[in-house]
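Structure file structure-v9.pdb (PDB, C-alpha atoms and all ligand atoms) is printed below.
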ATOM      1  CA  MET A   1       0.000   0.000   0.000
ATOM      2  CA  GLY A   2       2.685   2.504   1.083
ATOM      3  CA  GLU A   3       4.795   1.741  -1.969
ATOM      4  CA  ASP A   4       1.827   1.987  -4.336
ATOM      5  CA  LEU A   5       1.023   5.320  -2.796
ATOM      6  CA  GLU A   6       4.525   6.652  -3.375
ATOM      7  CA  GLN A   7       4.481   5.345  -6.944
ATOM      8  CA  LEU A   8       1.157   7.006  -7.615
ATOM      9  CA  LYS A   9       2.420  10.309  -6.248
ATOM     10  CA  GLN A  10       5.508  10.062  -8.442
ATOM     11  CA  GLN A  11       3.479   9.225 -11.532
ATOM     12  CA  LEU A  12       1.203  12.152 -10.985
ATOM     13  CA  PRO A  13       3.104  15.031  -9.358
ATOM     14  CA  LEU A  14       0.945  17.425  -7.349
ATOM     15  CA  LEU A  15       1.848  20.391  -9.540
ATOM     16  CA  ASP A  16       0.890  18.496 -12.730
ATOM     17  CA  TYR A  17      -2.381  17.447 -11.193
ATOM     18  CA  LEU A  18      -3.199  21.025 -10.127
ATOM     19  CA  ARG A  19      -2.397  22.317 -13.602
ATOM     20  CA  GLN A  20      -4.630  19.663 -15.140
ATOM     21  CA  GLN A  21      -7.329  21.127 -12.903
ATOM     22  CA  ASN A  22      -6.551  24.562 -14.397
ATOM     23  CA  TRP A  23      -4.771  25.915 -11.344
ATOM     24  CA  ILE A  24      -2.476  28.792 -12.310
ATOM     25  CA  GLY A  25       0.664  29.139 -10.233
ATOM     26  CA  GLN A  26       3.571  31.537 -10.552
ATOM     27  CA  ARG A  27       7.070  30.763  -9.452
ATOM     28  CA  ALA A  28       7.669  32.155  -5.962
ATOM     29  CA  GLY A  29      11.349  33.103  -5.995
ATOM     30  CA  GLN A  30      14.204  30.930  -7.236
ATOM     31  CA  GLY A  31      13.268  27.705  -5.464
ATOM     32  CA  PRO A  32      10.807  24.913  -6.207
ATOM     33  CA  GLU A  33       7.833  26.873  -4.865
ATOM     34  CA  PHE A  34       4.803  28.068  -6.817
ATOM     35  CA  VAL A  35       2.033  30.354  -5.605
ATOM     36  CA  GLY A  36      -1.505  31.019  -6.799
ATOM     37  CA  LEU A  37      -5.090  31.455  -5.719
ATOM     38  CA  CYS A  38      -6.300  28.774  -3.343
ATOM     39  CA  PRO A  39      -8.634  26.249  -5.003
ATOM     40  CA  LEU A  40      -9.970  25.281  -1.551
ATOM     41  CA  HIS A  41     -11.298  28.622  -0.348
ATOM     42  CA  PRO A  42     -12.424  31.871  -2.034
ATOM     43  CA  GLU A  43      -9.720  34.528  -2.108
ATOM     44  CA  THR A  44      -8.492  37.415  -4.250
ATOM     45  CA  ARG A  45      -4.821  37.431  -3.238
ATOM     46  CA  PRO A  46      -2.709  34.303  -3.806
ATOM     47  CA  SER A  47      -1.853  32.434  -0.624
ATOM     48  CA  PHE A  48      -1.740  28.849  -1.906
ATOM     49  CA  TYR A  49       1.828  27.520  -2.128
ATOM     50  CA  VAL A  50       3.031  24.363  -3.838
ATOM     51  CA  ASN A  51       6.476  22.925  -3.257
ATOM     52  CA  ALA A  52       7.192  20.960  -6.448
ATOM     53  CA  ARG A  53      10.222  19.213  -4.960
ATOM     54  CA  LYS A  54       8.507  18.030  -1.784
ATOM     55  CA  ASN A  55       5.252  17.451  -3.689
ATOM     56  CA  LEU A  56       3.290  19.294  -0.951
ATOM     57  CA  PHE A  57       0.936  22.255  -0.729
ATOM     58  CA  TYR A  58       0.074  24.753   1.992
ATOM     59  CA  CYS A  59      -2.444  27.580   2.065
ATOM     60  CA  HIS A  60      -1.794  30.532   4.366
ATOM     61  CA  GLY A  61      -5.420  31.634   3.958
ATOM     62  CA  CYS A  62      -7.338  28.565   5.089
ATOM     63  CA  GLY A  63      -4.504  26.734   6.790
ATOM     64  CA  GLN A  64      -4.948  23.524   4.774
ATOM     65  CA  GLY A  65      -1.926  21.598   3.600
ATOM     66  CA  GLY A  66      -0.605  18.183   2.655
ATOM     67  CA  ASP A  67       0.114  15.960  -0.310
ATOM     68  CA  LEU A  68      -1.777  15.081  -3.483
ATOM     69  CA  ILE A  69      -4.121  12.643  -1.722
ATOM     70  CA  ARG A  70      -4.957  15.242   0.926
ATOM     71  CA  PHE A  71      -5.665  17.777  -1.802
ATOM     72  CA  VAL A  72      -8.053  15.391  -3.561
ATOM     73  CA  GLU A  73      -9.812  14.565  -0.280
ATOM     74  CA  LEU A  74     -10.402  18.272   0.369
ATOM     75  CA  SER A  75     -11.218  19.436  -3.146
ATOM     76  CA  GLN A  76     -13.392  16.492  -4.237
ATOM     77  CA  HIS A  77     -14.866  15.788  -0.768
ATOM     78  CA  LEU A  78     -13.778  12.176  -0.913
ATOM     79  CA  SER A  79     -12.518   9.755   1.726
ATOM     80  CA  PHE A  80      -8.880   8.688   1.665
ATOM     81  CA  ARG A  81      -9.778   5.406  -0.014
ATOM     82  CA  GLN A  82     -12.038   7.097  -2.580
ATOM     83  CA  SER A  83      -9.317   9.632  -3.334
ATOM     84  CA  LEU A  84      -6.872   6.837  -4.079
ATOM     85  CA  ALA A  85      -9.295   5.154  -6.467
ATOM     86  CA  TYR A  86      -9.956   8.497  -8.145
ATOM     87  CA  LEU A  87      -6.234   9.178  -8.600
ATOM     88  CA  GLU A  88      -5.572   5.709  -9.957
ATOM     89  CA  ARG A  89      -8.127   6.377 -12.669
ATOM     90  CA  GLN A  90      -6.560   9.785 -13.329
ATOM     91  CA  SER A  91      -3.063   8.386 -13.682
ATOM     92  CA  ALA A  92      -4.263   5.604 -16.011
ATOM     93  CA  VAL A  93      -5.681   8.168 -18.424
ATOM     94  CA  ALA A  94      -2.397  10.094 -18.258
ATOM     95  CA  ASP A  95      -0.441   7.014 -19.402
ATOM     96  CA  PRO A  96       0.505   6.874 -23.122
ATOM     97  CA  ASP A  97       0.962   3.075 -22.923
ATOM     98  CA  ALA A  98      -2.594   2.712 -21.690
ATOM     99  CA  ALA A  99      -3.837   4.895 -24.555
ATOM    100  CA  LEU A 100      -2.063   2.677 -27.125
ATOM    101  CA  ARG A 101      -3.470  -0.445 -25.478
ATOM    102  CA  GLN A 102      -6.972   0.989 -25.531
ATOM    103  CA  ALA A 103      -6.579   2.037 -29.153
ATOM    104  CA  SER A 104      -5.487  -1.487 -30.080
ATOM    105  CA  VAL A 105      -8.492  -3.001 -28.275
ATOM    106  CA  PHE A 106     -10.835  -0.520 -29.951
ATOM    107  CA  TYR A 107      -9.443  -1.309 -33.406
ATOM    108  CA  GLN A 108      -9.791  -5.050 -32.803
ATOM    109  CA  GLN A 109     -13.448  -4.486 -31.961
ATOM    110  CA  GLN A 110     -13.960  -2.660 -35.265
ATOM    111  CA  LEU A 111     -12.650  -5.473 -37.462
ATOM    112  CA  ASP A 112     -15.921  -7.400 -37.615
ATOM    113  CA  ARG A 113     -17.969  -4.291 -38.269
ATOM    114  CA  TYR A 114     -16.294  -3.489 -41.576
ATOM    115  CA  PRO A 115     -16.735  -6.145 -44.278
ATOM    116  CA  MET A 116     -14.136  -4.372 -46.460
ATOM    117  CA  ALA A 117     -11.498  -5.028 -43.795
ATOM    118  CA  ARG A 118     -12.431  -8.705 -43.556
ATOM    119  CA  ARG A 119     -12.399  -8.951 -47.326
ATOM    120  CA  TYR A 120      -8.917  -7.481 -47.483
ATOM    121  CA  LEU A 121      -7.665 -10.001 -44.911
ATOM    122  CA  GLU A 122      -9.137 -12.799 -46.988
ATOM    123  CA  GLN A 123      -7.465 -11.478 -50.128
ATOM    124  CA  ARG A 124      -4.181 -11.643 -48.242
ATOM    125  CA  GLY A 125      -4.939 -15.242 -47.310
ATOM    126  CA  VAL A 126      -5.544 -14.629 -43.593
ATOM    127  CA  ARG A 127      -8.617 -16.618 -42.605
ATOM    128  CA  ASP A 128      -8.053 -18.336 -39.271
ATOM    129  CA  PRO A 129     -10.039 -16.453 -36.571
ATOM    130  CA  ALA A 130      -7.734 -17.765 -33.831
ATOM    131  CA  LEU A 131      -4.713 -16.367 -35.683
ATOM    132  CA  ILE A 132      -6.398 -13.003 -36.227
ATOM    133  CA  GLN A 133      -7.011 -12.857 -32.503
ATOM    134  CA  GLU A 134      -3.523 -14.020 -31.612
ATOM    135  CA  LEU A 135      -1.924 -11.343 -33.791
ATOM    136  CA  GLN A 136      -4.405  -8.814 -32.374
ATOM    137  CA  ILE A 137      -5.281  -7.609 -35.841
ATOM    138  CA  GLY A 138      -7.635  -4.647 -35.808
ATOM    139  CA  TYR A 139      -9.146  -2.179 -38.217
ATOM    140  CA  ALA A 140      -8.939   1.614 -38.084
ATOM    141  CA  PRO A 141     -11.917   3.003 -39.979
ATOM    142  CA  GLY A 142     -10.714   6.543 -39.201
ATOM    143  CA  GLY A 143     -12.751   9.237 -37.537
ATOM    144  CA  SER A 144     -13.929   7.331 -34.462
ATOM    145  CA  LEU A 145     -10.914   6.624 -32.241
ATOM    146  CA  ARG A 146     -10.486  10.161 -30.988
ATOM    147  CA  ARG A 147     -14.080  10.351 -29.760
ATOM    148  CA  HIS A 148     -13.810   6.935 -28.141
ATOM    149  CA  LEU A 149     -10.623   7.733 -26.200
ATOM    150  CA  LEU A 150     -11.739  11.226 -25.181
ATOM    151  CA  ALA A 151     -14.889   9.639 -23.725
ATOM    152  CA  GLN A 152     -12.626   7.352 -21.686
ATOM    153  CA  GLY A 153     -10.940  10.374 -20.136
ATOM    154  CA  TYR A 154      -7.741  10.633 -22.220
ATOM    155  CA  SER A 155      -6.801  14.199 -23.049
ATOM    156  CA  LEU A 156      -6.441  15.410 -26.609
ATOM    157  CA  ASP A 157      -2.925  16.479 -25.714
ATOM    158  CA  LEU A 158      -1.982  12.917 -24.712
ATOM    159  CA  LEU A 159      -3.550  11.493 -27.888
ATOM    160  CA  ARG A 160      -1.488  13.929 -29.930
ATOM    161  CA  ARG A 161       1.682  12.972 -28.075
ATOM    162  CA  THR A 162       1.157   9.272 -28.824
ATOM    163  CA  GLY A 163       0.508  10.154 -32.466
ATOM    164  CA  LEU A 164      -2.886   8.404 -32.417
ATOM    165  CA  VAL A 165      -4.346  11.779 -33.296
ATOM    166  CA  ASN A 166      -2.503  14.064 -35.711
ATOM    167  CA  PRO A 167      -1.702  17.750 -35.035
ATOM    168  CA  GLN A 168      -4.917  18.743 -36.844
ATOM    169  CA  GLY A 169      -6.864  16.673 -34.331
ATOM    170  CA  HIS A 170      -7.895  13.803 -36.622
ATOM    171  CA  ASP A 171      -7.317  10.074 -36.183
ATOM    172  CA  ALA A 172      -3.887   9.295 -37.631
ATOM    173  CA  LEU A 173      -4.834   5.839 -38.901
ATOM    174  CA  TYR A 174      -7.496   5.778 -41.557
ATOM    175  CA  GLN A 175      -8.820   2.735 -43.431
ATOM    176  CA  ARG A 176      -5.953   0.586 -42.270
ATOM    177  CA  LEU A 177      -5.586  -2.856 -40.810
ATOM    178  CA  VAL A 178      -3.742  -2.396 -37.542
ATOM    179  CA  PHE A 179      -1.127  -4.552 -35.856
ATOM    180  CA  PRO A 180       0.291  -3.688 -32.423
ATOM    181  CA  CYS A 181       4.102  -3.425 -32.216
ATOM    182  CA  CYS A 182       5.479  -4.557 -28.889
ATOM    183  CA  GLN A 183       8.623  -4.139 -26.878
ATOM    184  CA  ASP A 184       9.060  -6.322 -23.791
ATOM    185  CA  SER A 185       5.382  -7.273 -24.303
ATOM    186  CA  ARG A 186       4.246  -3.664 -23.996
ATOM    187  CA  ILE A 187       2.589  -2.003 -26.984
ATOM    188  CA  VAL A 188       4.912   0.789 -28.165
ATOM    189  CA  ASN A 189       3.502   1.476 -31.608
ATOM    190  CA  LEU A 190       0.804   0.574 -34.079
ATOM    191  CA  TYR A 191       1.463  -0.435 -37.660
ATOM    192  CA  GLY A 192      -1.292   0.355 -40.111
ATOM    193  CA  ARG A 193      -1.565  -1.268 -43.545
ATOM    194  CA  SER A 194      -3.745   0.705 -45.918
ATOM    195  CA  ILE A 195      -6.591  -1.210 -47.524
ATOM    196  CA  GLY A 196      -7.358   1.739 -49.780
ATOM    197  CA  THR A 197      -5.337   3.976 -52.055
ATOM    198  CA  ALA A 198      -3.278   5.709 -49.331
ATOM    199  CA  PHE A 199       0.433   4.960 -48.918
ATOM    200  CA  ALA A 200       0.660   1.304 -47.900
ATOM    201  CA  HIS A 201       2.669   1.413 -44.672
ATOM    202  CA  ARG A 202       2.268   3.665 -41.715
ATOM    203  CA  PHE A 203       3.591   3.717 -38.159
ATOM    204  CA  LEU A 204       2.864   6.119 -35.363
ATOM    205  CA  PRO A 205       5.871   8.238 -34.363
ATOM    206  CA  GLY A 206       8.460   6.461 -32.236
ATOM    207  CA  ALA A 207      10.213   3.103 -32.184
ATOM    208  CA  LYS A 208       8.767   0.145 -34.102
ATOM    209  CA  GLY A 209       9.543  -2.265 -31.275
ATOM    210  CA  ASP A 210      10.964  -5.784 -31.082
ATOM    211  CA  LEU A 211      11.022  -8.490 -33.710
ATOM    212  CA  VAL A 212       7.434  -9.714 -33.848
ATOM    213  CA  ALA A 213       6.599 -12.428 -31.298
ATOM    214  CA  TRP A 214      10.283 -12.802 -30.498
ATOM    215  CA  GLU A 215       9.598 -14.282 -27.057
ATOM    216  CA  SER A 216       7.955 -17.339 -28.623
ATOM    217  CA  VAL A 217      10.165 -17.537 -31.737
ATOM    218  CA  ARG A 218      13.612 -17.171 -30.125
ATOM    219  CA  GLN A 219      13.495 -20.684 -28.638
ATOM    220  CA  PHE A 220      13.789 -22.259 -32.129
ATOM    221  CA  PRO A 221      17.272 -23.253 -33.352
ATOM    222  CA  SER A 222      16.396 -21.823 -36.756
ATOM    223  CA  VAL A 223      14.085 -18.928 -37.497
ATOM    224  CA  ILE A 224      12.592 -17.400 -40.618
ATOM    225  CA  LEU A 225      12.712 -13.625 -40.945
ATOM    226  CA  VAL A 226      10.159 -11.887 -43.165
ATOM    227  CA  GLU A 227       9.477  -8.242 -44.032
ATOM    228  CA  GLY A 228       5.760  -7.947 -43.573
ATOM    229  CA  MET A 229       3.010  -8.938 -41.167
ATOM    230  CA  PHE A 230       0.998 -10.638 -43.913
ATOM    231  CA  ASP A 231       4.026 -12.785 -44.748
ATOM    232  CA  LEU A 232       4.227 -13.805 -41.111
ATOM    233  CA  ALA A 233       0.470 -14.407 -40.862
ATOM    234  CA  VAL A 234       0.248 -16.848 -43.795
ATOM    235  CA  LEU A 235       3.365 -18.701 -42.677
ATOM    236  CA  TRP A 236       2.077 -19.111 -39.128
ATOM    237  CA  GLN A 237      -1.215 -20.254 -40.608
ATOM    238  CA  ALA A 238       0.638 -22.860 -42.668
ATOM    239  CA  GLY A 239       2.299 -24.197 -39.513
ATOM    240  CA  PHE A 240       5.664 -22.389 -39.660
ATOM    241  CA  ARG A 241       5.659 -21.005 -36.139
ATOM    242  CA  HIS A 242       9.340 -20.113 -36.133
ATOM    243  CA  VAL A 243       8.694 -17.000 -38.233
ATOM    244  CA  THR A 244       9.381 -13.501 -37.026
ATOM    245  CA  CYS A 245       9.031 -10.158 -38.766
ATOM    246  CA  SER A 246      11.076  -6.965 -38.777
ATOM    247  CA  LEU A 247       8.349  -4.769 -40.331
ATOM    248  CA  GLY A 248      10.449  -3.637 -43.271
ATOM    249  CA  THR A 249      13.833  -4.750 -44.579
ATOM    250  CA  HIS A 250      15.694  -2.418 -42.252
ATOM    251  CA  LEU A 251      16.241  -3.926 -38.805
ATOM    252  CA  THR A 252      16.658  -1.596 -35.842
ATOM    253  CA  SER A 253      19.813  -2.199 -33.816
ATOM    254  CA  ASP A 254      17.691  -3.824 -31.089
ATOM    255  CA  GLN A 255      16.072  -6.171 -33.601
ATOM    256  CA  PHE A 256      19.468  -7.094 -35.037
ATOM    257  CA  ARG A 257      20.763  -7.835 -31.540
ATOM    258  CA  GLN A 258      17.761 -10.054 -30.856
ATOM    259  CA  LEU A 259      18.399 -12.078 -33.998
ATOM    260  CA  CYS A 260      21.995 -12.618 -32.855
ATOM    261  CA  ASP A 261      21.250 -13.456 -29.217
ATOM    262  CA  ARG A 262      22.513 -17.015 -29.707
ATOM    263  CA  PRO A 263      23.967 -19.126 -32.530
ATOM    264  CA  ARG A 264      21.212 -20.110 -34.935
ATOM    265  CA  THR A 265      20.253 -20.385 -38.576
ATOM    266  CA  VAL A 266      18.276 -17.458 -39.938
ATOM    267  CA  TYR A 267      16.299 -17.942 -43.149
ATOM    268  CA  LEU A 268      15.824 -14.581 -44.834
ATOM    269  CA  SER A 269      12.618 -14.608 -46.824
ATOM    270  CA  PHE A 270      12.350 -11.096 -48.197
ATOM    271  CA  ASP A 271      10.453  -9.938 -51.271
ATOM    272  CA  VAL A 272      11.780 -10.953 -54.659
ATOM    273  CA  ASP A 273      10.740  -7.718 -56.322
ATOM    274  CA  ALA A 274      11.595  -6.458 -59.777
ATOM    275  CA  ASN A 275      13.970  -3.708 -58.617
ATOM    276  CA  GLY A 276      15.876  -6.178 -56.476
ATOM    277  CA  SER A 277      15.686  -4.076 -53.314
ATOM    278  CA  GLY A 278      14.396  -6.917 -51.138
ATOM    279  CA  GLN A 279      17.184  -9.253 -52.191
ATOM    280  CA  GLN A 280      19.835  -6.557 -51.874
ATOM    281  CA  ALA A 281      18.667  -5.922 -48.310
ATOM    282  CA  ALA A 282      18.715  -9.678 -47.609
ATOM    283  CA  GLN A 283      22.248  -9.981 -48.954
ATOM    284  CA  ALA A 284      23.523  -7.083 -46.864
ATOM    285  CA  LEU A 285      21.830  -8.470 -43.769
ATOM    286  CA  ALA A 286      23.232 -11.968 -44.420
ATOM    287  CA  HIS A 287      26.689 -10.446 -44.482
ATOM    288  CA  ARG A 288      26.202  -8.689 -41.135
ATOM    289  CA  LEU A 289      24.690 -11.812 -39.557
ATOM    290  CA  ARG A 290      27.608 -13.984 -40.670
ATOM    291  CA  ALA A 291      29.971 -11.564 -38.942
ATOM    292  CA  GLN A 292      28.064 -12.259 -35.694
ATOM    293  CA  GLY A 293      28.365 -16.043 -35.973
ATOM    294  CA  ILE A 294      24.848 -16.562 -37.333
ATOM    295  CA  THR A 295      24.195 -18.856 -40.296
ATOM    296  CA  PRO A 296      22.096 -16.920 -42.820
ATOM    297  CA  ARG A 297      20.251 -18.641 -45.671
ATOM    298  CA  ARG A 298      18.419 -16.750 -48.388
ATOM    299  CA  VAL A 299      15.070 -18.194 -49.406
ATOM    300  CA  LEU A 300      14.652 -17.836 -53.156
ATOM    301  CA  LEU A 301      10.988 -17.392 -53.908
ATOM    302  CA  PRO A 302       9.883 -17.280 -57.554
ATOM    303  CA  PRO A 303      10.451 -13.813 -59.123
ATOM    304  CA  GLY A 304       7.826 -11.230 -58.221
ATOM    305  CA  HIS A 305       6.815 -13.002 -55.010
ATOM    306  CA  ASP A 306       6.915 -12.456 -51.299
ATOM    307  CA  PRO A 307       5.918 -15.210 -48.848
ATOM    308  CA  ASN A 308       2.403 -13.814 -48.703
ATOM    309  CA  SER A 309       1.758 -13.820 -52.448
ATOM    310  CA  PHE A 310       3.426 -17.234 -52.701
ATOM    311  CA  PHE A 311       0.762 -18.746 -50.434
ATOM    312  CA  VAL A 312      -2.115 -16.606 -51.717
ATOM    313  CA  GLN A 313      -1.393 -17.806 -55.277
ATOM    314  CA  GLY A 314      -1.576 -21.447 -54.349
ATOM    315  CA  GLY A 315       1.817 -22.238 -52.812
ATOM    316  CA  ASP A 316       1.590 -24.696 -49.930
ATOM    317  CA  ALA A 317       3.581 -25.665 -46.853
ATOM    318  CA  ARG A 318       5.357 -28.532 -48.604
ATOM    319  CA  GLN A 319       6.542 -26.285 -51.446
ATOM    320  CA  PHE A 320       7.735 -23.624 -49.021
ATOM    321  CA  GLN A 321       9.559 -26.303 -47.021
ATOM    322  CA  SER A 322      11.442 -27.339 -50.188
ATOM    323  CA  LEU A 323      12.430 -23.691 -50.741
ATOM    324  CA  LEU A 324      13.815 -23.604 -47.194
ATOM    325  CA  GLU A 325      15.811 -26.770 -47.805
ATOM    326  CA  ALA A 326      17.157 -25.408 -51.081
ATOM    327  CA  ALA A 327      18.015 -21.995 -49.593
ATOM    328  CA  PRO A 328      21.681 -21.211 -50.334
ATOM    329  CA  LEU A 329      24.038 -20.391 -47.479
TER     330      LEU A 329
HETATM  331 ZN    ZN A 401      -6.912  28.153   1.136
END

Could you write out this file's structure as structure tokens?
Amino acid sequence: MGEDLEQLKQQLPLLDYLRQQNWIGQRAGQGPEFVGLCPLHPETRPSFYVNARKNLFYCHGCGQGGDLIRFVELSQHLSFRQSLAYLERQSAVADPDAALRQASVFYQQQLDRYPMARRYLEQRGVRDPALIQELQIGYAPGGSLRRHLLAQGYSLDLLRRTGLVNPQGHDALYQRLVFPCCQDSRIVNLYGRSIGTAFAHRFLPGAKGDLVAWESVRQFPSVILVEGMFDLAVLWQAGFRHVTCSLGTHLTSDQFRQLCDRPRTVYLSFDVDANGSGQQAAQALAHRLRAQGITPRRVLLPPGHDPNSFFVQGGDARQFQSLLEAAPL
């Protein structure tokens, strides 16, 4: 209890809380003190002091003082226990991680309401409902997330900071299938794949996170690395559970480190596109992996294919297995 209390007070400093409640304080001198009109009693001259370092307030007018909990008890007329519950709710809606989690849940709930989203998934060969749930695939119709999260108590400012809402105040993701990107099993970003005419790939600002599902994939002595979430989805569906995804051909330094965390074979199954960029990236990565003691093998799909299109156009698990076996070192 005592520890939780301290943590709560650290997460939500008294001064921040007061400012959220529209309290206006001026710096009183050089130190950590701020002064303004007392929110607890009517007055015309400021006598309410907040010490930002000690996280305490004191009013020379009404004689009240204490910490954040005390302030909530007095201002909201709540018991100690009620004040704690109130503050826990307040700090949850001030947490960007919680906002991303809620956005992901909301988008997953939308998937079944938009037949065009389901249709797109089917076109990409993703049919298994259990897999869709496991990958937490959602759909961002655009135009409804902001309202939903504001109603839950998140501030517009927080939604802008996470990038869920753009500077103009609109939902950032619009007509996109959405996949959560995780780091240490915490959602740190959302990847949106356009199902319309907009640019295909979109992330929110910030890091793209770990290799996908690395915690479950890393145990395998050999892993398959793909570029895209739809590549991963069809391969998992076909029974290849040792597939991870870097969300693009460029691995972050953290993702590269993960791939090299022990000796293993890494099958690189990038796009075989006309301009050769996928294969060039695979070759460069193979070179870097070899230098770290990893055995890279390049999977040579038929020209014009990525793992997703290979399966969508009739390729099966047995054929893909033969490509793995034939993959040159
Ligand atoms: Zn007062």

Name the residues captured by the PyMOL selection byres (((chain A and resi 164) around 9) and not hetatm) when it is applied to the shown file; answer as a VMD selection string. chain A and resid 99 to 100 103 145 to 146 158 to 163 165 to 166 170 to 173 190 204 to 205

Please compute the atom CA of Gln136 of chain A-atom CA of Gln11 of chain A distance, one decimal, in Å.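 Rounded to one decimal, the two atoms are 28.7 Å apart.
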
Which chains and residue numbers are within 9 Å of ligand ZN 401 (chain A), counting only C-alpha atoms and all ligand atoms, if I want them as a PyMOL selection string? chain A and resi 37-43+46-48+58-65

I would like the residues chosen by the PyMOL selection byres (((chain A and resi 185) around 10) and not hetatm) on the shown file; could you give them as a ChimeraX atom specification? /A:181-184,186-188,209-210,213-215

So what does the PyMOL selection byres (((chain A and resi 50) around 10) and not hetatm) actually pick up in this one, as number ranges by chain? A: 14-15, 18, 25-28, 32-36, 47-49, 51-59, 65-67

Distance of atom CA of Leu150 of chain A from atom CA of Leu78 of chain A, expressed in Å to one decimal place: 24.4 Å

Residue among A:Ser253, A:Tyr17, A:Tyr154, A:Tyr174 lying closest to Arg193 of chain A, counting all atoms listed in the file: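 Closest candidate: A:Tyr174.
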
Between A:Glu134, A:Asp4, A:Asp231, A:Asp157, which has the minimum distance to Pro307 of chain A (counting all atoms listed in the file)? A:Asp231

What lies within 9 Å of Phe310 of chain A using only C-alpha atoms, ignoring chain neighbours under 5 positions off, as a PyMOL selection string? chain A and resi 301-302+305+315-316+320

Atom pair atom CA of His148 of chain A / atom CA of Gly196 of chain A: separation (Å): 23.2 Å

Tell me, as a PyMOL selection string, which residues lie within 7 Å of Leu225 of chain A, counting all atoms listed in the file; anything in the same chain fewer than 4 positions away does not count. chain A and resi 243-245+266-269

Which neighbours of Phe203 of chain A fall inside 8 Å, counting all atoms listed in the file, when residues of the same chain fewer than 2 positions from it are skipped, and could you give them as a CSV table (one decimal) with C-alpha atoms, in the frame of the given file?
chain,number,residue,atom,x,y,z
A,189,ASN,CA,3.5,1.5,-31.6
A,190,LEU,CA,0.8,0.6,-34.1
A,191,TYR,CA,1.5,-0.4,-37.7
A,192,GLY,CA,-1.3,0.4,-40.1
A,201,HIS,CA,2.7,1.4,-44.7
A,205,PRO,CA,5.9,8.2,-34.4
A,208,LYS,CA,8.8,0.1,-34.1

With only C-alpha atoms as the atoms that count, which of A:Val234, A:Val178, A:Ala130, A:Leu8 lies nearest to Gly142 of chain A?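 The shortest atom-to-atom distance to Gly142 of chain A comes from A:Val178.
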
Among listed residues A:Leu5, A:Ala207, A:Val272, A:Leu324, nearest Ser222 of chain A (using all atoms listed in the file):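 Under the stated criterion, the closest residue is A:Leu324.
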
With 3 Å on each side, where is the centre of the axis-aligned box around all listed atoms of segment 99-103 of chain A, and how long are its edges in Å to one decimal, as lines of an AutoDock Vina configuration file?
center_x = -4.5
center_y = 2.2
center_z = -26.9
size_x = 10.9
size_y = 11.3
size_z = 10.6
